>>> print(open('work.cif').read())   # mmCIF, C-alpha atoms
data_query
#
loop_
_atom_site.label_atom_id
_atom_site.label_comp_id
_atom_site.auth_asym_id
_atom_site.auth_seq_id
_atom_site.Cartn_x
_atom_site.Cartn_y
_atom_site.Cartn_z
CA MET A 1 1.10 -37.66 20.13
CA ALA A 2 0.36 -33.95 20.20
CA ARG A 3 -1.61 -32.55 23.15
CA ILE A 4 -3.98 -29.86 21.90
CA CYS A 5 -6.12 -27.61 24.09
CA VAL A 6 -9.49 -26.40 22.80
CA LEU A 7 -9.95 -23.05 24.53
CA ASP A 8 -13.21 -22.71 26.44
CA TYR A 9 -14.51 -19.15 26.83
CA GLY A 10 -18.19 -20.04 26.77
CA MET A 11 -18.84 -19.65 23.02
CA GLY A 12 -18.47 -22.61 20.69
CA ASN A 13 -19.28 -26.23 19.99
CA LEU A 14 -16.26 -27.47 21.88
CA ARG A 15 -17.11 -31.13 22.23
CA SER A 16 -17.42 -31.73 18.48
CA VAL A 17 -13.96 -30.22 17.93
CA GLU A 18 -12.53 -32.33 20.75
CA LYS A 19 -14.09 -35.52 19.32
CA ALA A 20 -12.78 -34.77 15.82
CA LEU A 21 -9.25 -34.27 17.19
CA GLU A 22 -9.47 -37.54 19.10
CA HIS A 23 -10.67 -39.25 15.90
CA VAL A 24 -7.45 -38.24 14.12
CA GLY A 25 -5.26 -39.42 17.00
CA ALA A 26 -4.57 -36.22 18.90
CA ALA A 27 -4.79 -35.92 22.68
CA ALA A 28 -7.44 -33.21 23.03
CA GLU A 29 -8.61 -31.32 26.09
CA ILE A 30 -11.23 -28.61 26.55
CA THR A 31 -10.02 -26.05 29.06
CA GLY A 32 -10.25 -22.43 30.14
CA ASP A 33 -7.29 -22.88 32.51
CA PRO A 34 -4.37 -20.73 31.28
CA ASP A 35 -1.79 -22.98 32.97
CA ARG A 36 -3.07 -26.12 31.21
CA ALA A 37 -3.30 -24.28 27.90
CA ALA A 38 0.23 -22.93 28.33
CA ALA A 39 1.55 -26.50 28.64
CA ALA A 40 -0.16 -27.76 25.47
CA ASP A 41 1.62 -28.45 22.17
CA GLY A 42 -1.04 -26.45 20.29
CA LEU A 43 -4.19 -24.41 20.82
CA ILE A 44 -7.52 -24.21 19.04
CA LEU A 45 -9.72 -21.13 19.43
CA PRO A 46 -13.26 -22.12 18.38
CA GLY A 47 -16.29 -19.86 18.43
CA VAL A 48 -19.94 -19.45 17.55
CA GLY A 49 -21.87 -16.21 18.14
CA ALA A 50 -21.28 -12.46 18.02
CA PHE A 51 -17.79 -10.94 17.82
CA PRO A 52 -18.19 -8.20 20.51
CA LYS A 53 -19.55 -10.62 23.14
CA ALA A 54 -16.82 -13.14 22.35
CA MET A 55 -14.10 -10.52 22.72
CA GLU A 56 -15.49 -9.53 26.13
CA ARG A 57 -14.98 -13.13 27.27
CA VAL A 58 -11.56 -13.38 25.61
CA ARG A 59 -10.40 -10.25 27.44
CA GLU A 60 -11.84 -11.38 30.77
CA LEU A 61 -9.88 -14.64 30.55
CA GLY A 62 -6.70 -13.12 29.12
CA LEU A 63 -6.83 -15.46 26.13
CA GLY A 64 -5.41 -12.92 23.68
CA GLU A 65 -2.24 -12.60 25.72
CA LEU A 66 -2.07 -16.38 26.22
CA ILE A 67 -2.35 -17.06 22.49
CA ALA A 68 0.31 -14.45 21.69
CA GLU A 69 2.67 -15.93 24.27
CA ARG A 70 2.20 -19.47 22.97
CA LEU A 71 2.82 -18.29 19.39
CA ASP A 72 6.01 -16.54 20.51
CA ALA A 73 7.08 -19.84 22.06
CA GLY A 74 6.48 -21.61 18.74
CA ALA A 75 3.21 -23.40 19.56
CA PRO A 76 0.77 -23.62 16.61
CA VAL A 77 -2.68 -22.02 17.00
CA LEU A 78 -5.81 -22.65 14.92
CA GLY A 79 -8.88 -20.41 14.97
CA ILE A 80 -12.18 -21.92 13.79
CA CYS A 81 -15.21 -19.91 12.54
CA LEU A 82 -15.66 -17.00 14.98
CA GLY A 83 -12.28 -18.03 16.41
CA LEU A 84 -10.68 -17.08 13.08
CA GLN A 85 -12.44 -13.69 13.10
CA LEU A 86 -11.30 -12.90 16.65
CA LEU A 87 -7.66 -13.19 15.53
CA PHE A 88 -8.05 -10.08 13.35
CA GLU A 89 -7.73 -6.42 14.32
CA SER A 90 -11.43 -5.54 14.41
CA SER A 91 -14.97 -6.33 13.26
CA THR A 92 -17.89 -4.19 12.12
CA GLU A 93 -20.42 -6.55 13.77
CA LEU A 94 -22.97 -4.94 16.12
CA GLY A 95 -21.39 -1.52 15.99
CA GLY A 96 -17.81 -2.78 15.88
CA ALA A 97 -15.22 -4.12 18.29
CA GLU A 98 -11.47 -4.59 18.48
CA GLY A 99 -10.10 -8.11 18.05
CA ILE A 100 -6.99 -9.89 19.31
CA GLY A 101 -5.00 -8.36 16.45
CA LEU A 102 -2.63 -11.20 15.57
CA LEU A 103 -3.74 -11.11 11.93
CA SER A 104 -3.99 -7.90 9.86
CA GLY A 105 -7.35 -6.66 8.62
CA GLN A 106 -10.99 -6.18 9.50
CA VAL A 107 -13.94 -8.58 9.67
CA ARG A 108 -17.00 -7.36 7.77
CA GLU A 109 -20.43 -8.59 6.71
CA LEU A 110 -20.63 -10.83 3.67
CA ASP A 111 -21.65 -9.09 0.46
CA ALA A 112 -23.82 -11.98 -0.71
CA GLY A 113 -25.89 -10.09 -3.27
CA ASP A 114 -29.31 -11.76 -3.60
CA LEU A 115 -28.25 -14.79 -1.57
CA LYS A 116 -29.54 -15.34 1.95
CA VAL A 117 -27.29 -14.45 4.88
CA PRO A 118 -26.10 -16.25 6.95
CA HIS A 119 -24.23 -18.45 4.52
CA ILE A 120 -25.07 -21.99 5.64
CA GLY A 121 -23.89 -25.07 3.78
CA TRP A 122 -21.09 -26.54 1.70
CA SER A 123 -18.87 -24.38 -0.52
CA PRO A 124 -15.68 -25.27 -2.43
CA VAL A 125 -12.51 -23.70 -1.02
CA ARG A 126 -9.73 -22.45 -3.29
CA TRP A 127 -6.26 -22.57 -1.73
CA GLU A 128 -4.38 -19.34 -2.40
CA GLN A 129 -0.95 -20.52 -1.21
CA PRO A 130 0.65 -23.77 -0.05
CA SER A 131 0.46 -24.64 3.63
CA PRO A 132 1.15 -27.65 5.84
CA LEU A 133 -2.40 -27.15 7.17
CA THR A 134 -3.91 -28.03 3.80
CA ASP A 135 -1.49 -30.75 2.73
CA GLY A 136 -3.29 -33.52 0.84
CA ILE A 137 -6.55 -31.56 0.47
CA ASP A 138 -7.45 -30.84 -3.15
CA ASP A 139 -8.17 -27.35 -4.41
CA GLU A 140 -11.92 -26.60 -4.59
CA THR A 141 -12.74 -29.20 -1.92
CA PRO A 142 -16.09 -28.33 -0.26
CA PHE A 143 -16.19 -27.41 3.44
CA TYR A 144 -19.15 -26.65 5.69
CA PHE A 145 -19.87 -23.00 6.56
CA VAL A 146 -22.20 -21.17 8.96
CA HIS A 147 -21.45 -17.42 9.04
CA SER A 148 -22.58 -13.89 8.20
CA PHE A 149 -19.17 -12.17 8.42
CA ALA A 150 -15.74 -12.83 6.95
CA PRO A 151 -12.27 -11.29 7.38
CA ASP A 152 -10.30 -9.24 4.88
CA PRO A 153 -6.71 -10.36 5.52
CA ALA A 154 -3.48 -8.94 4.16
CA PRO A 155 -2.67 -10.67 0.82
CA GLU A 156 0.34 -12.50 2.24
CA GLN A 157 -1.85 -13.96 5.02
CA LEU A 158 -4.63 -15.20 2.72
CA LEU A 159 -4.64 -19.01 2.71
CA GLY A 160 -8.03 -19.86 1.19
CA SER A 161 -11.13 -18.31 -0.34
CA ALA A 162 -14.67 -19.34 -1.24
CA ALA A 163 -17.54 -17.73 -3.12
CA TYR A 164 -20.99 -16.79 -1.82
CA GLY A 165 -22.16 -13.81 -3.81
CA GLU A 166 -18.70 -12.26 -3.53
CA ARG A 167 -15.48 -14.24 -3.17
CA PHE A 168 -14.41 -14.01 0.47
CA ALA A 169 -11.42 -15.03 2.56
CA CYS A 170 -12.09 -18.25 4.46
CA ALA A 171 -8.62 -19.28 5.64
CA ALA A 172 -5.56 -17.36 6.82
CA GLN A 173 -2.10 -18.08 8.10
CA SER A 174 0.88 -16.23 9.52
CA GLY A 175 3.78 -18.40 10.65
CA SER A 176 2.36 -21.00 13.03
CA LEU A 177 -0.95 -19.12 13.36
CA PHE A 178 -3.78 -20.55 11.24
CA GLY A 179 -7.50 -19.83 10.95
CA VAL A 180 -10.45 -21.18 8.97
CA GLN A 181 -13.94 -19.72 8.60
CA PHE A 182 -15.53 -23.10 7.87
CA HIS A 183 -16.06 -25.89 10.41
CA PRO A 184 -13.52 -28.68 9.83
CA GLU A 185 -15.17 -30.76 12.55
CA LYS A 186 -18.35 -30.78 10.42
CA SER A 187 -16.64 -31.14 7.05
CA SER A 188 -16.32 -34.90 6.67
CA THR A 189 -13.07 -36.44 5.42
CA ALA A 190 -11.47 -33.19 4.28
CA GLY A 191 -12.13 -31.51 7.62
CA LEU A 192 -10.62 -34.41 9.50
CA ARG A 193 -7.57 -34.27 7.23
CA LEU A 194 -7.12 -30.58 8.04
CA LEU A 195 -7.33 -31.28 11.79
CA SER A 196 -4.93 -34.20 11.36
CA ASN A 197 -2.52 -31.88 9.56
CA PHE A 198 -2.77 -29.37 12.41
CA ALA A 199 -2.09 -32.12 14.96
CA GLY A 200 0.93 -33.15 12.89
CA ILE A 201 2.24 -29.57 12.89
CA CYS A 202 1.85 -29.49 16.68
CA ALA A 203 3.66 -32.84 17.05
CA GLN A 204 6.58 -31.67 14.91
CA VAL A 205 6.99 -28.49 16.93
CA ALA A 206 6.79 -30.46 20.20
CA ALA A 207 9.41 -32.94 18.99
CA ALA A 208 11.78 -30.14 18.03
CA ALA A 209 11.39 -28.35 21.37
#
>>> encode(input="work.cif", output="structure tokens")
Amino acid sequence: MARICVLDYGMGNLRSVEKALEHVGAAAEITGDPDRAAAADGLILPGVGAFPKAMERVRELGLGELIAERLDAGAPVLGICLGLQLLFESSTELGGAEGIGLLSGQVRELDAGDLKVPHIGWSPVRWEQPSPLTDGIDDETPFYFVHSFAPDPAPEQLLGSAAYGERFACAAQSGSLFGVQFHPEKSSTAGLRLLSNFAGICAQVAAAA
């Protein structure tokens, strides 16, 4: 059984992510303790709120360095919602801020046309490349979104996209680093399958270590 740490930096619905992981058979723990996170088989970076404030907390706790070190050691990492955005180089939100920089590109406001922002609700996701994270999840499966910004990843790191006014990137991957803009913990069966897949990736890496 994979042991996955949900990183606590004061911004995010941590308990719902923890419960969803437990539902799919993972050993989940919410923690802001770097030592406990460093011993986990995988990490999840959640997040709800504004990018600049979140990055202040991430820097205070040294989470960017921790995530980079765990990735270098082969541990899988999954960013969820704002957690995905923080993995990129920068954001234009509230005057702009630098991100963790593990994924290439900038986070910018949705160009939703006449549609209301934030984008709240279910939207089908189109998978742009194969991934163990999305194994068994059909193309154009709906997931639940709550966001006003979205990243613009490098083409080779684009995993999934959805449409809300414009088509926007909603999932990214680079090696064992994954991120999704939607909330898998709120996305019914498909969301649980994605979290189960992530737990399986973590278990495989742990077994090979």
>>> axis_aligned_box(input="work.cif", around="range 7-12 of chain A", padding_each_side="5 Å", output="AutoDock Vina command-line options")
--center_x -14.4 --center_y -21.1 --center_z 23.8 --size_x 18.9 --size_y 13.9 --size_z 16.1
>>> atom_distance(input="work.cif", atom1="CA of Gly49 in chain A", atom2="CA of Met11 in chain A")
6.7 Å
>>> residues_around(input="work.cif", residues="Leu45 in chain A", least_positions_apart="3", cutoff="9 Å", atoms="all atoms listed in the file", output="list of chain:residue names")
A:Cys5, A:Val6, A:Leu7, A:Asp8, A:Gly12, A:Ile67, A:Val77, A:Leu78, A:Gly79, A:Ile80, A:Cys81, A:Leu82, A:Gly83, A:Leu84, A:Leu86, A:Gly179
>>> resolve_selection(input="work.cif", expression="the PyMOL selection byres ((chain A and resi 151) around 10)", output="MDAnalysis selection string")
chainID A and resid 84:91 103:110 149:150 152:154 158 168:172 181
>>> resolve_selection(input="work.cif", expression="the PyMOL selection byres ((chain A and resi 123) around 6)", output="PDB file with C-alpha atoms, keeping the file's coordinate frame")
ATOM      1  CA  TRP A 122     -21.090 -26.540   1.700  1.00  0.00           C
ATOM      2  CA  PRO A 124     -15.680 -25.270  -2.430  1.00  0.00           C
ATOM      3  CA  PRO A 142     -16.090 -28.330  -0.260  1.00  0.00           C
ATOM      4  CA  PHE A 143     -16.190 -27.410   3.440  1.00  0.00           C
TER       5      PHE A 143
END
>>> resolve_selection(input="work.cif", expression="the PyMOL selection byres ((chain A and resi 192) around 12)", output="VMD selection string")
chain A and resid 16 to 26 133 to 137 143 183 to 191 193 to 199
>>> residues_near_point(input="work.cif", point="(-11.7, -10.2, 19.9)", cutoff="7 Å", atoms="only C-alpha atoms", output="list of chain:residue names")
A:Phe51, A:Pro52, A:Ala54, A:Met55, A:Val58, A:Leu86, A:Leu87, A:Glu98, A:Gly99, A:Ile100
>>> atom_distance(input="work.cif", atom1="CA of Glu93 in chain A", atom2="CA of Tyr9 in chain A")
19.1 Å
>>> residues_around(input="work.cif", residues="His147 in chain A", least_positions_apart="3", cutoff="7 Å", atoms="all atoms listed in the file", output="number ranges by chain")
A: 118-120
>>> write_last_selection(input="work.cif", atoms="C-alpha atoms", output="short mmCIF file (atom, residue, chain, number, x, y, z; two decimals), in the frame of the given file")
data_model
loop_
_atom_site.label_atom_id
_atom_site.label_comp_id
_atom_site.auth_asym_id
_atom_site.auth_seq_id
_atom_site.Cartn_x
_atom_site.Cartn_y
_atom_site.Cartn_z
CA PRO A 118 -26.10 -16.25 6.95
CA HIS A 119 -24.23 -18.45 4.52
CA ILE A 120 -25.07 -21.99 5.64
#
>>> atom_distance(input="work.cif", atom1="CA of Ala208 in chain A", atom2="CA of Phe178 in chain A")
19.5 Å
>>> closest_residue(input="work.cif", among="A:Pro34, A:Gly47, A:Gly74, A:Gly64", to="Val205 in chain A", atoms="all atoms listed in the file")
A:Gly74
